[in-house]
Amino acid sequence: MRFFLTGCALCFISLPTLAESPIAAPSQSDTKEVLPAPLLQISETEAFSRYVLLVDKEQRKLTVFERNGEKIKKVEEYPADIGKNGGNKTKRDDHRTPEGIYFLEQRLTQPKIPFSLYGALAFTTNYPNLFDQREKKTGSGIWLHAIPDSVPLTRGSRGCVVVRNEVIKKLADYIKLRETPILIFDQVNYLSKEEHEKRRLELNSFIEGWRQSWENNDLEKYMSYYDKDFKAPGFNFNSWKNHKAGLKTKYEYIKVHLSQPYIVQHNDQLLVKTLQRYESDQHVDYGVKTIYALKSGDSYKIIREEWTPFNQQEVAAAIARDNSLTAQANKSQQ
């Protein structure tokens, strides 16, 4: 059964306490299917990356997961090196690898990077991300890169994630710049297939409840999804509320359509990325909506939203496809 976030309504429920039982990284002898807890949904929207890179610092490995229809499938797994000092990065020159949700942004090759230090290829990340900045973490230059074959992969980096030359060349095929996430954990927990699906549906319902309250112009319910420290470009919590209240009196109606989103987590951090079509009686726009949220009690509170314009045809096509698949799923249940 498929669930997509479109104009169709999912049943809204408040998020209960997520009391799954995390499982350590599975061994080759494990036969029960398990899925990574932080990677809940890879969007089927072609505008985004179909792959996610997951780094387990304790296991010193990098795993590639891909979208495979409705499922998440492990593609490859490689040994990796990390910062020479243990723990989560908090400041410049602490030689620790940061832990969080990052995106691979730029591709660097010779002569921009010296082969002796970075091997044949490197990808920059967006460390420090929004969550890091809120915690006042410092430092920069955290990359995914290679090293020459003559250098041990156990040397310890200055904070980067490091793989072999032949591996970075393979990884390049999975990376869509500024779209492919790299999730870095001290230890990656895994869930049973049933618990993973339960968590995915709970968070889809959370997102759908937010969308419905927005579309229904239910301002109080809509703002209940936001943290008091919410920020958006040019807005804080109060000015955002006033802005939405003004639009409520200006427009006769609004409709908010979302494509199936990316949903990834890192401990109490949640990132959702979706294609959005916004329509009112006076205005229509298309863009990428990114939502950042933090765990608050049994649910989440949105701390920031970002919107960037995107190709109208691609957004419309993605949402139309999701609507069609949702209709098929609903028909099959009747």
# chains A, B, ... in the order shown; residues from 1 in each chain; ligands from 1

$ residues_around --residues "Tyr225 (chain A)" --least-positions-apart "3" --cutoff "7 Å" --atoms "only C-alpha atoms" --output "list in words"
Trp210, Tyr222, Lys301 and Ile302 of chain A

$ write_last_selection --atoms "all heavy atoms" --output "CSV table (one decimal), in the first residue's frame"
chain,number,residue,atom,x,y,z
A,210,TRP,N,0.3,18.8,9.0
A,210,TRP,CA,0.8,20.1,8.8
A,210,TRP,C,0.3,20.7,7.5
A,210,TRP,O,-0.2,21.8,7.5
A,210,TRP,CB,2.4,20.1,8.8
A,210,TRP,CG,3.0,21.3,8.2
A,210,TRP,CD1,3.2,22.5,8.9
A,210,TRP,CD2,3.6,21.5,6.9
A,210,TRP,NE1,3.9,23.4,8.1
A,210,TRP,CE2,4.1,22.8,6.8
A,210,TRP,CE3,3.7,20.6,5.8
A,210,TRP,CZ2,4.7,23.3,5.7
A,210,TRP,CZ3,4.3,21.1,4.7
A,210,TRP,CH2,4.8,22.4,4.6
A,222,TYR,N,-2.1,25.1,12.6
A,222,TYR,CA,-0.9,25.2,11.7
A,222,TYR,C,0.3,25.7,12.5
A,222,TYR,O,1.4,25.1,12.4
A,222,TYR,CB,-1.2,26.2,10.6
A,222,TYR,CG,-0.1,26.5,9.7
A,222,TYR,CD1,0.4,25.6,8.8
A,222,TYR,CD2,0.5,27.8,9.8
A,222,TYR,CE1,1.5,25.9,7.9
A,222,TYR,CE2,1.6,28.1,8.9
A,222,TYR,CZ,2.1,27.2,8.0
A,222,TYR,OH,3.1,27.5,7.2
A,301,LYS,N,8.7,19.7,16.3
A,301,LYS,CA,8.4,21.1,16.1
A,301,LYS,C,9.4,21.7,14.9
A,301,LYS,O,10.6,21.4,15.0
A,301,LYS,CB,8.6,22.0,17.3
A,301,LYS,CG,7.7,21.6,18.5
A,301,LYS,CD,6.3,22.1,18.2
A,301,LYS,CE,5.4,21.8,19.4
A,301,LYS,NZ,4.0,22.3,19.1
A,302,ILE,N,8.8,22.4,14.0
A,302,ILE,CA,9.5,22.9,12.9
A,302,ILE,C,10.3,24.1,13.3
A,302,ILE,O,9.8,25.0,13.9
A,302,ILE,CB,8.6,23.3,11.7
A,302,ILE,CG1,7.8,22.1,11.2
A,302,ILE,CG2,9.3,23.9,10.6
A,302,ILE,CD1,6.7,22.4,10.2

$ closest_atom_pairs --of "region 28-101 of chain A" --to "region 127-144 of chain A" --cutoff "7 Å" --atoms "only C-alpha atoms" --output "tab-separated table"
residue	atom	partner	partner_atom	distance
A:Thr90	CA	A:Lys137	CA	4.8
A:Lys91	CA	A:Thr138	CA	4.4
A:Arg92	CA	A:Gly139	CA	3.8
A:Asp93	CA	A:Gly139	CA	6.9

$ write_last_selection --atoms "N, CA, C and O atoms" --output "PDB file, in the first residue's frame"
ATOM      1  N   THR A  90      32.676  19.385  17.284  1.00  0.00           N
ATOM      2  CA  THR A  90      32.049  20.575  17.859  1.00  0.00           C
ATOM      3  C   THR A  90      32.791  21.860  17.529  1.00  0.00           C
ATOM      4  O   THR A  90      32.215  22.936  17.592  1.00  0.00           O
ATOM      5  N   LYS A  91      34.079  21.763  17.179  1.00  0.00           N
ATOM      6  CA  LYS A  91      34.844  22.982  16.923  1.00  0.00           C
ATOM      7  C   LYS A  91      35.946  22.729  15.905  1.00  0.00           C
ATOM      8  O   LYS A  91      36.314  21.585  15.617  1.00  0.00           O
ATOM      9  N   ARG A  92      36.461  23.820  15.377  1.00  0.00           N
ATOM     10  CA  ARG A  92      37.512  23.759  14.377  1.00  0.00           C
ATOM     11  C   ARG A  92      38.754  23.049  14.929  1.00  0.00           C
ATOM     12  O   ARG A  92      39.122  23.210  16.086  1.00  0.00           O
ATOM     13  N   ASP A  93      39.360  22.228  14.086  1.00  0.00           N
ATOM     14  CA  ASP A  93      40.624  21.546  14.381  1.00  0.00           C
ATOM     15  C   ASP A  93      40.539  20.557  15.540  1.00  0.00           C
ATOM     16  O   ASP A  93      41.558  20.248  16.160  1.00  0.00           O
TER      17      ASP A  93
END

$ closest_atom_pairs --of "region 120-211 of chain A" --to "region 258-274 of chain A" --cutoff "10 Å" --atoms "only C-alpha atoms" --output "CSV"
residue,atom,partner,partner_atom,distance
A:Phe131,CA,A:Gln269,CA,7.7
A:Glu179,CA,A:Lys273,CA,9.9
A:Pro181,CA,A:Val264,CA,9.0
A:Leu183,CA,A:His266,CA,7.7
A:Ile184,CA,A:His266,CA,8.4
A:Phe185,CA,A:His266,CA,7.7
A:Val188,CA,A:His266,CA,9.7
A:Arg200,CA,A:Ile263,CA,8.1
A:Leu203,CA,A:Ile263,CA,8.0
A:Asn204,CA,A:Ile263,CA,8.5
A:Ile207,CA,A:Val272,CA,8.6
A:Glu208,CA,A:Leu258,CA,9.1
A:Arg211,CA,A:Leu258,CA,8.3

$ select_by_dssp --residues "region 119-256 of chain A" --states "strand (DSSP E)" --output "PyMOL selection string"
chain A and resi 122-125+143-147+161-164+181-185+190-192+226-232+235-236+254-256

$ closest_residue --among "A:Arg277, A:Lys255, A:Lys231, A:His95" --to "Tyr292 (chain A)" --atoms "only C-alpha atoms"
A:Lys231

$ residues_around --residues "Val163 (chain A)" --least-positions-apart "4" --cutoff "10 Å" --atoms "only C-alpha atoms" --output "list of chain:residue names"
A:Lys61, A:Leu62, A:Tyr78, A:Pro79, A:Ala80, A:Asp81, A:Ile82, A:Tyr118, A:Gly119, A:Ala122, A:Leu144, A:His145, A:Ala146, A:Ile147, A:Pro148, A:Asp149, A:Leu153, A:Val167, A:Ile168, A:Lys169, A:Leu171

$ write_last_selection --atoms "C-alpha atoms" --output "PDB file, in the first residue's frame"
ATOM      1  CA  LYS A  61      31.993   1.687   7.082  1.00  0.00           C
ATOM      2  CA  LEU A  62      30.024   3.568   4.445  1.00  0.00           C
ATOM      3  CA  TYR A  78      32.739  -0.127   1.902  1.00  0.00           C
ATOM      4  CA  PRO A  79      35.403   0.324   4.612  1.00  0.00           C
ATOM      5  CA  ALA A  80      35.908   3.971   5.595  1.00  0.00           C
ATOM      6  CA  ASP A  81      38.248   6.055   7.720  1.00  0.00           C
ATOM      7  CA  ILE A  82      37.095   8.856  10.029  1.00  0.00           C
ATOM      8  CA  TYR A 118      42.771  13.585  -1.176  1.00  0.00           C
ATOM      9  CA  GLY A 119      43.320  10.901  -3.773  1.00  0.00           C
ATOM     10  CA  ALA A 122      36.591  14.554  -3.303  1.00  0.00           C
ATOM     11  CA  LEU A 144      34.106  12.716   1.501  1.00  0.00           C
ATOM     12  CA  HIS A 145      37.394  11.958  -0.251  1.00  0.00           C
ATOM     13  CA  ALA A 146      39.911   9.262  -1.158  1.00  0.00           C
ATOM     14  CA  ILE A 147      43.555   8.635  -0.300  1.00  0.00           C
ATOM     15  CA  PRO A 148      46.391   7.031  -2.257  1.00  0.00           C
ATOM     16  CA  ASP A 149      46.651   3.252  -1.974  1.00  0.00           C
ATOM     17  CA  LEU A 153      42.854   3.488   5.740  1.00  0.00           C
ATOM     18  CA  VAL A 167      35.626   3.263  -3.986  1.00  0.00           C
ATOM     19  CA  ILE A 168      35.285   7.039  -4.475  1.00  0.00           C
ATOM     20  CA  LYS A 169      35.045   6.442  -8.227  1.00  0.00           C
ATOM     21  CA  LEU A 171      30.467   6.357  -5.216  1.00  0.00           C
TER      22      LEU A 171
END

$ residues_around --residues "region 66-77 of chain A" --least-positions-apart "6" --cutoff "7 Å" --atoms "only C-alpha atoms" --output "PyMOL selection string"
chain A and resi 42+50-52

$ write_last_selection --atoms "C-alpha atoms" --output "mmCIF file, in the first residue's frame"
data_model
loop_
_atom_site.group_PDB
_atom_site.id
_atom_site.type_symbol
_atom_site.label_atom_id
_atom_site.label_comp_id
_atom_site.auth_asym_id
_atom_site.auth_seq_id
_atom_site.Cartn_x
_atom_site.Cartn_y
_atom_site.Cartn_z
ATOM 1 C CA ILE A 42 13.696 8.007 -0.183
ATOM 2 C CA ARG A 50 17.548 8.036 -5.436
ATOM 3 C CA TYR A 51 20.567 7.197 -3.263
ATOM 4 C CA VAL A 52 21.605 7.920 0.326
#

$ closest_residue --among "A:Gln106, A:Lys289, A:Lys193, A:Met223" --to "Ala172 (chain A)" --atoms "only C-alpha atoms"
A:Gln106

$ residues_around --residues "Trp240 (chain A)" --least-positions-apart "5" --cutoff "12 Å" --atoms "only C-alpha atoms" --output "list of chain:residue names"
A:Leu219, A:Tyr222, A:Met223, A:Tyr226, A:Asp227, A:Lys228, A:Asp229, A:Phe230, A:Lys231, A:Ala232, A:Pro233, A:Gly234, A:Phe235, A:Ala245, A:Gly246, A:Leu247, A:Ile303, A:Arg304, A:Glu305

$ select_by_dssp --residues "region 148-300 of chain A" --states "alpha helix (DSSP H)" --output "ChimeraX atom specification"
/A:165-172,193-215,219-223,237-250
